[in-house]
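Listing of entry_0.pdb, PDB, C-alpha atoms, pLDDT in the B column
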ATOM      1  CA  MET A  25     -21.846  -3.091  -0.589  1.00 91.00           C
ATOM      2  CA  GLN A  26     -22.247  -5.454  -3.490  1.00 91.00           C
ATOM      3  CA  LEU A  27     -20.445  -8.450  -2.129  1.00 90.00           C
ATOM      4  CA  GLU A  28     -21.001 -10.552  -5.245  1.00 88.00           C
ATOM      5  CA  TYR A  29     -19.090  -7.948  -7.286  1.00 89.00           C
ATOM      6  CA  PHE A  30     -16.515  -7.363  -4.550  1.00 91.00           C
ATOM      7  CA  GLN A  31     -17.600  -3.728  -4.445  1.00 93.00           C
ATOM      8  CA  LEU A  32     -17.271  -3.023  -0.759  1.00 96.00           C
ATOM      9  CA  ILE A  33     -17.367   0.774  -0.726  1.00 96.00           C
ATOM     10  CA  ASP A  34     -20.675   2.601  -1.113  1.00 96.00           C
ATOM     11  CA  ARG A  35     -19.761   6.250  -0.875  1.00 96.00           C
ATOM     12  CA  ILE A  36     -16.866   8.590  -0.257  1.00 96.00           C
ATOM     13  CA  LEU A  37     -17.779  10.892   2.620  1.00 96.00           C
ATOM     14  CA  ASP A  38     -14.597  12.932   2.727  1.00 95.00           C
ATOM     15  CA  LEU A  39     -11.405  13.127   0.709  1.00 95.00           C
ATOM     16  CA  ASN A  40      -8.769  15.409   2.194  1.00 95.00           C
ATOM     17  CA  MET A  41      -5.942  15.801  -0.300  1.00 94.00           C
ATOM     18  CA  ASP A  42      -3.894  18.035   2.010  1.00 94.00           C
ATOM     19  CA  GLU A  43      -3.920  15.621   4.916  1.00 96.00           C
ATOM     20  CA  LYS A  44      -3.959  12.640   2.552  1.00 97.00           C
ATOM     21  CA  LYS A  45      -6.914  11.021   4.289  1.00 98.00           C
ATOM     22  CA  ILE A  46     -10.176   9.531   3.151  1.00 97.00           C
ATOM     23  CA  THR A  47     -13.394   8.498   4.874  1.00 98.00           C
ATOM     24  CA  VAL A  48     -15.971   6.277   3.223  1.00 97.00           C
ATOM     25  CA  GLU A  49     -19.065   4.411   4.288  1.00 97.00           C
ATOM     26  CA  ALA A  50     -20.257   0.950   3.455  1.00 97.00           C
ATOM     27  CA  GLN A  51     -23.493  -0.756   4.343  1.00 97.00           C
ATOM     28  CA  VAL A  52     -23.125  -4.422   5.136  1.00 97.00           C
ATOM     29  CA  PRO A  53     -26.050  -6.185   3.414  1.00 96.00           C
ATOM     30  CA  GLN A  54     -28.720  -7.718   5.559  1.00 95.00           C
ATOM     31  CA  HIS A  55     -28.715 -10.858   3.446  1.00 93.00           C
ATOM     32  CA  SER A  56     -25.920 -12.635   1.581  1.00 93.00           C
ATOM     33  CA  THR A  57     -25.083 -16.243   0.879  1.00 93.00           C
ATOM     34  CA  ILE A  58     -21.801 -15.519   2.642  1.00 93.00           C
ATOM     35  CA  PHE A  59     -23.653 -15.243   5.924  1.00 94.00           C
ATOM     36  CA  GLU A  60     -25.310 -18.590   5.398  1.00 93.00           C
ATOM     37  CA  GLY A  61     -21.944 -20.243   5.793  1.00 93.00           C
ATOM     38  CA  HIS A  62     -20.141 -17.674   7.923  1.00 93.00           C
ATOM     39  CA  PHE A  63     -21.651 -18.805  10.240  1.00 94.00           C
ATOM     40  CA  PRO A  64     -24.933 -20.745  10.395  1.00 94.00           C
ATOM     41  CA  GLY A  65     -26.972 -19.103  13.127  1.00 93.00           C
ATOM     42  CA  HIS A  66     -24.215 -16.590  13.847  1.00 95.00           C
ATOM     43  CA  PRO A  67     -23.740 -14.428  10.735  1.00 96.00           C
ATOM     44  CA  ILE A  68     -20.664 -12.170  10.838  1.00 97.00           C
ATOM     45  CA  MET A  69     -18.704 -10.320   8.191  1.00 96.00           C
ATOM     46  CA  PRO A  70     -15.570 -12.332   7.295  1.00 96.00           C
ATOM     47  CA  GLY A  71     -12.348 -10.714   8.428  1.00 96.00           C
ATOM     48  CA  VAL A  72     -10.847 -11.014   4.954  1.00 96.00           C
ATOM     49  CA  LEU A  73     -13.695  -8.884   3.584  1.00 96.00           C
ATOM     50  CA  LEU A  74     -13.119  -6.270   6.265  1.00 97.00           C
ATOM     51  CA  ILE A  75      -9.462  -6.196   5.232  1.00 97.00           C
ATOM     52  CA  GLU A  76     -10.565  -5.867   1.608  1.00 97.00           C
ATOM     53  CA  SER A  77     -12.843  -2.970   2.558  1.00 98.00           C
ATOM     54  CA  MET A  78      -9.852  -1.206   4.152  1.00 98.00           C
ATOM     55  CA  ALA A  79      -7.769  -1.971   1.071  1.00 98.00           C
ATOM     56  CA  GLN A  80     -10.419  -0.549  -1.262  1.00 97.00           C
ATOM     57  CA  THR A  81     -10.745   2.561   0.902  1.00 98.00           C
ATOM     58  CA  SER A  82      -6.978   3.043   0.849  1.00 98.00           C
ATOM     59  CA  GLY A  83      -6.999   2.353  -2.864  1.00 97.00           C
ATOM     60  CA  TRP A  84      -9.364   5.220  -3.600  1.00 96.00           C
ATOM     61  CA  LEU A  85      -7.174   7.557  -1.583  1.00 97.00           C
ATOM     62  CA  LEU A  86      -4.129   6.485  -3.588  1.00 97.00           C
ATOM     63  CA  ILE A  87      -5.999   6.762  -6.879  1.00 95.00           C
ATOM     64  CA  ALA A  88      -6.911  10.325  -5.933  1.00 95.00           C
ATOM     65  CA  LEU A  89      -3.340  11.202  -4.951  1.00 95.00           C
ATOM     66  CA  MET A  90      -2.073   9.770  -8.244  1.00 94.00           C
ATOM     67  CA  LYS A  91      -4.831  11.470 -10.231  1.00 91.00           C
ATOM     68  CA  PHE A  92      -6.040   8.168 -11.700  1.00 91.00           C
ATOM     69  CA  GLU A  93      -2.703   7.690 -13.475  1.00 90.00           C
ATOM     70  CA  ARG A  94      -1.674   4.683 -11.405  1.00 91.00           C
ATOM     71  CA  MET A  95      -3.542   1.744  -9.970  1.00 93.00           C
ATOM     72  CA  PRO A  96      -2.837   0.499  -6.462  1.00 95.00           C
ATOM     73  CA  PHE A  97      -2.645  -3.263  -6.126  1.00 95.00           C
ATOM     74  CA  LEU A  98      -2.680  -4.980  -2.759  1.00 97.00           C
ATOM     75  CA  ALA A  99       0.793  -6.245  -1.898  1.00 96.00           C
ATOM     76  CA  ALA A 100       0.926  -6.828   1.861  1.00 96.00           C
ATOM     77  CA  VAL A 101      -1.238  -6.610   4.956  1.00 97.00           C
ATOM     78  CA  LYS A 102       0.377  -6.118   8.343  1.00 93.00           C
ATOM     79  CA  GLU A 103      -0.844  -5.578  11.847  1.00 89.00           C
ATOM     80  CA  ALA A 104      -4.381  -6.522  10.850  1.00 96.00           C
ATOM     81  CA  LYS A 105      -6.506  -6.740  13.966  1.00 97.00           C
ATOM     82  CA  MET A 106     -10.135  -7.866  14.092  1.00 97.00           C
ATOM     83  CA  ARG A 107     -11.363  -6.204  17.257  1.00 96.00           C
ATOM     84  CA  GLY A 108     -15.039  -7.034  17.193  1.00 95.00           C
ATOM     85  CA  PHE A 109     -17.768  -8.728  15.175  1.00 97.00           C
ATOM     86  CA  VAL A 110     -19.395  -6.922  12.263  1.00 97.00           C
ATOM     87  CA  THR A 111     -22.894  -8.205  11.600  1.00 97.00           C
ATOM     88  CA  PRO A 112     -25.392  -7.997   8.697  1.00 97.00           C
ATOM     89  CA  GLY A 113     -26.998  -4.590   8.222  1.00 96.00           C
ATOM     90  CA  GLU A 114     -24.344  -2.569  10.037  1.00 97.00           C
ATOM     91  CA  LEU A 115     -23.045   0.664   8.554  1.00 98.00           C
ATOM     92  CA  LEU A 116     -19.279   0.834   8.364  1.00 98.00           C
ATOM     93  CA  THR A 117     -17.270   4.027   8.454  1.00 98.00           C
ATOM     94  CA  ILE A 118     -13.837   3.345   7.020  1.00 98.00           C
ATOM     95  CA  GLU A 119     -10.902   5.744   7.270  1.00 98.00           C
ATOM     96  CA  ALA A 120      -7.522   5.509   5.611  1.00 98.00           C
ATOM     97  CA  GLY A 121      -4.415   7.654   5.671  1.00 98.00           C
ATOM     98  CA  ILE A 122      -0.986   7.600   4.122  1.00 98.00           C
ATOM     99  CA  VAL A 123       1.929   6.249   6.125  1.00 97.00           C
ATOM    100  CA  HIS A 124       4.486   6.473   3.330  1.00 96.00           C
ATOM    101  CA  GLU A 125       4.591   7.247  -0.374  1.00 96.00           C
ATOM    102  CA  GLY A 126       7.538   5.414  -1.875  1.00 95.00           C
ATOM    103  CA  SER A 127       8.707   4.998  -5.445  1.00 95.00           C
ATOM    104  CA  GLY A 128       6.217   2.588  -6.997  1.00 94.00           C
ATOM    105  CA  TYR A 129       4.657   1.633  -3.692  1.00 96.00           C
ATOM    106  CA  ALA A 130       2.703   3.152  -0.823  1.00 97.00           C
ATOM    107  CA  ILE A 131       1.745   2.190   2.707  1.00 97.00           C
ATOM    108  CA  THR A 132      -1.528   3.133   4.390  1.00 98.00           C
ATOM    109  CA  GLU A 133      -3.199   2.693   7.742  1.00 98.00           C
ATOM    110  CA  ALA A 134      -6.921   2.021   7.748  1.00 98.00           C
ATOM    111  CA  LYS A 135      -9.646   1.607  10.349  1.00 98.00           C
ATOM    112  CA  VAL A 136     -13.207   0.306  10.268  1.00 98.00           C
ATOM    113  CA  ARG A 137     -15.692   1.700  12.782  1.00 98.00           C
ATOM    114  CA  VAL A 138     -19.339   0.951  13.526  1.00 98.00           C
ATOM    115  CA  ASN A 139     -21.151   3.695  15.441  1.00 97.00           C
ATOM    116  CA  GLY A 140     -17.768   5.141  16.327  1.00 96.00           C
ATOM    117  CA  LYS A 141     -16.449   1.908  17.765  1.00 97.00           C
ATOM    118  CA  LEU A 142     -13.241   0.551  16.265  1.00 98.00           C
ATOM    119  CA  LYS A 143     -13.866  -2.875  14.752  1.00 97.00           C
ATOM    120  CA  CYS A 144     -10.648  -3.517  12.898  1.00 97.00           C
ATOM    121  CA  ASN A 145      -7.508  -1.860  11.603  1.00 98.00           C
ATOM    122  CA  ALA A 146      -4.538  -2.728   9.425  1.00 98.00           C
ATOM    123  CA  THR A 147      -1.378  -1.428   7.828  1.00 98.00           C
ATOM    124  CA  ILE A 148      -1.493  -2.103   4.110  1.00 98.00           C
ATOM    125  CA  THR A 149       1.149  -1.985   1.373  1.00 97.00           C
ATOM    126  CA  PHE A 150       0.301  -1.385  -2.282  1.00 97.00           C
ATOM    127  CA  THR A 151       2.314  -1.506  -5.453  1.00 96.00           C
ATOM    128  CA  LEU A 152       1.434   1.319  -7.831  1.00 96.00           C
ATOM    129  CA  ILE A 153       1.422   0.584 -11.520  1.00 92.00           C
ATOM    130  CA  PRO A 154      -0.174   2.057 -14.639  1.00 89.00           C
ATOM    131  CA  PRO A 155      -3.668   0.768 -15.464  1.00 86.00           C
ATOM    132  CA  PRO A 156      -3.368  -2.629 -17.205  1.00 85.00           C
ATOM    133  CA  ASN A 157      -5.173  -1.456 -20.351  1.00 88.00           C
ATOM    134  CA  PRO A 158      -6.884   1.679 -21.720  1.00 83.00           C
ATOM    135  CA  GLU A 159     -10.348   0.265 -21.076  1.00 88.00           C
ATOM    136  CA  PHE A 160      -9.545   0.012 -17.401  1.00 86.00           C
ATOM    137  CA  ARG A 161      -9.649   3.779 -17.025  1.00 84.00           C
ATOM    138  CA  GLY A 162     -13.266   3.745 -18.192  1.00 87.00           C
ATOM    139  CA  TYR A 163     -14.075   1.131 -15.596  1.00 87.00           C
ATOM    140  CA  MET A 164     -12.399   3.251 -12.919  1.00 88.00           C
ATOM    141  CA  ASP A 165     -14.368   6.320 -13.968  1.00 88.00           C
ATOM    142  CA  ALA A 166     -17.626   4.372 -13.688  1.00 89.00           C
ATOM    143  CA  MET A 167     -16.652   3.093 -10.262  1.00 90.00           C
ATOM    144  CA  ALA A 168     -15.680   6.589  -9.162  1.00 91.00           C
ATOM    145  CA  LYS A 169     -19.051   7.924 -10.219  1.00 91.00           C
ATOM    146  CA  ARG A 170     -20.840   5.132  -8.355  1.00 92.00           C
ATOM    147  CA  ILE A 171     -19.176   6.050  -5.050  1.00 93.00           C
ATOM    148  CA  ASP A 172     -19.461   9.840  -5.460  1.00 91.00           C
ATOM    149  CA  PHE A 173     -15.750  10.339  -5.990  1.00 91.00           C
ATOM    150  CA  PRO A 174     -15.181  14.105  -5.655  1.00 89.00           C
ATOM    151  CA  LEU A 175     -13.388  14.833  -8.931  1.00 83.00           C
ATOM    152  CA  GLN A 176     -13.221  18.512  -7.986  1.00 80.00           C
ATOM    153  CA  ALA A 177     -10.800  17.537  -5.194  1.00 78.00           C
ATOM    154  CA  LEU A 178      -8.154  16.545  -7.719  1.00 77.00           C
ATOM    155  CA  PRO A 179      -5.538  19.179  -8.497  1.00 71.00           C
ATOM    156  CA  SER A 180      -5.839  20.408 -12.072  1.00 67.00           C
TER     157      SER A 180
ATOM    158  CA  MET B   2      27.283   7.142  14.136  1.00 50.00           C
ATOM    159  CA  SER B   3      27.093   3.873  12.229  1.00 69.00           C
ATOM    160  CA  SER B   4      27.971   3.703   8.562  1.00 93.00           C
ATOM    161  CA  THR B   5      25.401   3.556   5.811  1.00 95.00           C
ATOM    162  CA  PHE B   6      26.318  -0.060   5.209  1.00 95.00           C
ATOM    163  CA  ASP B   7      25.873  -0.982   8.876  1.00 95.00           C
ATOM    164  CA  GLN B   8      22.450   0.634   8.921  1.00 96.00           C
ATOM    165  CA  VAL B   9      21.357  -1.009   5.681  1.00 96.00           C
ATOM    166  CA  ALA B  10      22.691  -4.414   6.699  1.00 96.00           C
ATOM    167  CA  THR B  11      20.837  -4.172  10.008  1.00 96.00           C
ATOM    168  CA  ILE B  12      17.637  -3.198   8.197  1.00 96.00           C
ATOM    169  CA  ILE B  13      17.971  -6.167   5.830  1.00 96.00           C
ATOM    170  CA  ALA B  14      18.769  -8.576   8.651  1.00 96.00           C
ATOM    171  CA  GLU B  15      15.785  -7.454  10.721  1.00 95.00           C
ATOM    172  CA  THR B  16      13.338  -7.091   7.846  1.00 93.00           C
ATOM    173  CA  CYS B  17      14.114 -10.357   6.081  1.00 93.00           C
ATOM    174  CA  ASP B  18      15.332 -12.439   9.009  1.00 93.00           C
ATOM    175  CA  ILE B  19      18.750 -12.933   7.428  1.00 95.00           C
ATOM    176  CA  PRO B  20      21.716 -13.526   9.773  1.00 95.00           C
ATOM    177  CA  ARG B  21      23.558 -10.220  10.018  1.00 95.00           C
ATOM    178  CA  ASP B  22      26.997 -11.846   9.704  1.00 94.00           C
ATOM    179  CA  THR B  23      26.128 -13.271   6.261  1.00 95.00           C
ATOM    180  CA  ILE B  24      25.506  -9.805   4.832  1.00 96.00           C
ATOM    181  CA  THR B  25      28.570  -8.150   3.334  1.00 95.00           C
ATOM    182  CA  SER B  26      29.135  -5.049   1.251  1.00 95.00           C
ATOM    183  CA  GLU B  27      29.657  -7.351  -1.741  1.00 95.00           C
ATOM    184  CA  SER B  28      26.314  -9.146  -1.237  1.00 95.00           C
ATOM    185  CA  HIS B  29      23.786  -8.845  -4.043  1.00 95.00           C
ATOM    186  CA  ALA B  30      20.421  -8.294  -2.378  1.00 94.00           C
ATOM    187  CA  ILE B  31      18.584 -10.433  -4.908  1.00 92.00           C
ATOM    188  CA  ASP B  32      21.084 -12.999  -6.134  1.00 92.00           C
ATOM    189  CA  ASP B  33      23.028 -13.594  -2.901  1.00 93.00           C
ATOM    190  CA  LEU B  34      20.554 -12.781  -0.157  1.00 94.00           C
ATOM    191  CA  GLY B  35      17.448 -14.064  -1.972  1.00 93.00           C
ATOM    192  CA  ILE B  36      15.398 -10.952  -1.277  1.00 94.00           C
ATOM    193  CA  ASP B  37      12.357 -10.794  -3.534  1.00 92.00           C
ATOM    194  CA  SER B  38      10.620  -7.681  -4.813  1.00 89.00           C
ATOM    195  CA  LEU B  39       7.962  -7.676  -2.096  1.00 91.00           C
ATOM    196  CA  ASP B  40      10.480  -8.003   0.710  1.00 92.00           C
ATOM    197  CA  PHE B  41      12.531  -5.293  -0.931  1.00 93.00           C
ATOM    198  CA  LEU B  42       9.561  -2.939  -0.539  1.00 94.00           C
ATOM    199  CA  ASP B  43       9.836  -3.396   3.226  1.00 94.00           C
ATOM    200  CA  ILE B  44      13.553  -2.699   3.016  1.00 95.00           C
ATOM    201  CA  ALA B  45      12.957   0.375   0.843  1.00 96.00           C
ATOM    202  CA  PHE B  46      10.389   1.666   3.341  1.00 95.00           C
ATOM    203  CA  ALA B  47      12.816   1.199   6.228  1.00 96.00           C
ATOM    204  CA  ILE B  48      15.645   2.870   4.271  1.00 96.00           C
ATOM    205  CA  ASP B  49      13.386   5.758   3.216  1.00 96.00           C
ATOM    206  CA  LYS B  50      12.434   6.302   6.848  1.00 95.00           C
ATOM    207  CA  ALA B  51      15.921   5.876   8.293  1.00 96.00           C
ATOM    208  CA  PHE B  52      17.632   8.212   5.835  1.00 96.00           C
ATOM    209  CA  GLY B  53      14.787  10.609   5.050  1.00 95.00           C
ATOM    210  CA  ILE B  54      14.973   9.890   1.329  1.00 95.00           C
ATOM    211  CA  LYS B  55      12.929   8.195  -1.364  1.00 95.00           C
ATOM    212  CA  LEU B  56      14.774   5.379  -3.104  1.00 96.00           C
ATOM    213  CA  PRO B  57      13.895   5.755  -6.806  1.00 96.00           C
ATOM    214  CA  LEU B  58      12.988   2.111  -7.268  1.00 94.00           C
ATOM    215  CA  GLU B  59      10.835   2.718 -10.320  1.00 93.00           C
ATOM    216  CA  LYS B  60      13.620   4.577 -12.115  1.00 94.00           C
ATOM    217  CA  TRP B  61      16.154   1.905 -11.255  1.00 94.00           C
ATOM    218  CA  THR B  62      13.859  -0.885 -12.373  1.00 91.00           C
ATOM    219  CA  GLN B  63      13.163   0.899 -15.629  1.00 92.00           C
ATOM    220  CA  GLU B  64      16.881   1.383 -16.289  1.00 94.00           C
ATOM    221  CA  VAL B  65      17.543  -2.306 -15.658  1.00 93.00           C
ATOM    222  CA  ASN B  66      14.620  -3.352 -17.868  1.00 93.00           C
ATOM    223  CA  ASP B  67      15.843  -1.033 -20.627  1.00 94.00           C
ATOM    224  CA  GLY B  68      19.349  -2.464 -20.431  1.00 94.00           C
ATOM    225  CA  LYS B  69      20.773   0.894 -19.352  1.00 95.00           C
ATOM    226  CA  ALA B  70      21.926  -0.435 -16.004  1.00 94.00           C
ATOM    227  CA  THR B  71      22.624  -3.751 -14.333  1.00 93.00           C
ATOM    228  CA  THR B  72      21.070  -4.993 -11.121  1.00 93.00           C
ATOM    229  CA  GLU B  73      24.576  -4.980  -9.634  1.00 94.00           C
ATOM    230  CA  GLN B  74      24.684  -1.196  -9.884  1.00 93.00           C
ATOM    231  CA  TYR B  75      21.771  -0.852  -7.514  1.00 94.00           C
ATOM    232  CA  PHE B  76      21.440  -4.054  -5.568  1.00 94.00           C
ATOM    233  CA  VAL B  77      25.003  -4.971  -4.592  1.00 95.00           C
ATOM    234  CA  LEU B  78      25.016  -3.455  -1.128  1.00 96.00           C
ATOM    235  CA  LYS B  79      28.124  -1.302  -1.486  1.00 95.00           C
ATOM    236  CA  ASN B  80      26.544   0.233  -4.586  1.00 95.00           C
ATOM    237  CA  LEU B  81      23.146   0.584  -2.929  1.00 96.00           C
ATOM    238  CA  CYS B  82      24.818   2.361  -0.007  1.00 96.00           C
ATOM    239  CA  ALA B  83      26.640   4.685  -2.414  1.00 95.00           C
ATOM    240  CA  ARG B  84      23.284   5.569  -4.027  1.00 95.00           C
ATOM    241  CA  ILE B  85      21.815   6.211  -0.578  1.00 96.00           C
ATOM    242  CA  ASP B  86      24.725   8.486   0.325  1.00 96.00           C
ATOM    243  CA  GLU B  87      24.197  10.381  -2.947  1.00 95.00           C
ATOM    244  CA  LEU B  88      20.486  10.822  -2.242  1.00 95.00           C
ATOM    245  CA  VAL B  89      21.174  12.006   1.303  1.00 95.00           C
ATOM    246  CA  ALA B  90      23.801  14.470   0.026  1.00 95.00           C
ATOM    247  CA  ALA B  91      21.417  15.769  -2.643  1.00 93.00           C
ATOM    248  CA  LYS B  92      18.707  16.227  -0.066  1.00 90.00           C
ATOM    249  CA  THR B  93      21.060  18.022   2.301  1.00 89.00           C
ATOM    250  CA  ALA B  94      22.256  20.302  -0.496  1.00 89.00           C
ATOM    251  CA  SER B  95      18.709  21.243  -1.431  1.00 85.00           C
ATOM    252  CA  THR B  96      17.673  22.236   2.095  1.00 76.00           C
TER     253      THR B  96
END
Show me this structure written as structure tokens.
Amino acid sequence: MQLEYFQLIDRILDLNMDEKKITVEAQVPQHSTIFEGHFPGHPIMPGVLLIESMAQTSGWLLIALMKFERMPFLAAVKEAKMRGFVTPGELLTIEAGIVHEGSGYAITEAKVRVNGKLKCNATITFTLIPPPNPEFRGYMDAMAKRIDFPLQALPS
Amino acid sequence: MSSTFDQVATIIAETCDIPRDTITSESHAIDDLGIDSLDFLDIAFAIDKAFGIKLPLEKWTQEVNDGKATTEQYFVLKNLCARIDELVAAKTAST
């Protein structure tokens, strides 16, 4: 995780295009200024960042399903439940799957686990639109490379 | 079995917290009922699920933006229900 760049996903562990599911991992940093304020003497990962991590995980699944031709943008978060504290240094396993693929939008369900224990989950809606500019595709490719996106999984 | 309009009106009422008795077949989802694009995604999801179809929102939006169609053609409820019936019929014919 590079919290200062809002890059919350470290690595794609599995991308199943048939089942339309993805699993990623993300290492919560041991130190961050965020933990100095949230909270002094009791550092925990903010719930909004856990939601963002589920959104980014879902986003990579959608990007794969749309073969990088559309960008998913967060539109709504429902049924978000923070079930337990996530603390500095913990390794997150984040799963996401498709609930519905609509016309121009999609809905996913995502879960964050630590050592197999469910920490939070949410149902997330995205709008799907073309990349905002041609340069954006280059940025996406660089991001994909950083997280070991399995390009071979994409249908040719 | 309830009509397409009854189902759609119930979906809109429950999704957007709009009194059911204010929703008529002549209501314009956007102009009369005040449903915005984000709320309409929830309605589209519920309609897709209820009828087993995929409302072509992107195509409709593009047609409106290109001046090839008016919002009334797709978002006045009697017209929306007619489109839904067409999509259901097309799906049934293809299976």
Spatial neighbours of Tyr75 (chain B), 8 Å, all atoms listed in the file, chain gap at least 4 places, as a PyMOL selection string: chain B and resi 61+71+80-81+84
Restricted to C-alpha atoms, what would the selected residues look like written as a PDB file, keeping the file's coordinate frame?
ATOM      1  CA  TRP B  61      16.154   1.905 -11.255  1.00 94.00           C
ATOM      2  CA  THR B  71      22.624  -3.751 -14.333  1.00 93.00           C
ATOM      3  CA  ASN B  80      26.544   0.233  -4.586  1.00 95.00           C
ATOM      4  CA  LEU B  81      23.146   0.584  -2.929  1.00 96.00           C
ATOM      5  CA  ARG B  84      23.284   5.569  -4.027  1.00 95.00           C
TER       6      ARG B  84
END
Using Å and a single decimal, report how far CA of His55 (chain A) sits from CA of Leu115 (chain A). 13.8 Å
Compute the distance from (-13.8, -3.7, -5.5) to each atom, counting all atoms listed in the file, keep the residues with any atom at most 9 Å away, and return them as a list in words; use the coordinates of the file.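 Selection result: Gln26, Leu27, Tyr29, Phe30, Gln31, Leu32, Ile33, Glu76, Ser77, Gln80 and Met167 of chain A.
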Once the PyMOL selection byres ((chain A) within 9 of (chain B)) has been evaluated on this model, what residues remain selected, and can you format them as an MDAnalysis selection string? chainID A and resid 99:100 124:131 149 151
Could you state the separation of CA of Ile171 (chain A) and CA of Phe97 (chain A) in Å, given to one decimal place?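 That distance, rounded to one decimal, is 19.0 Å.
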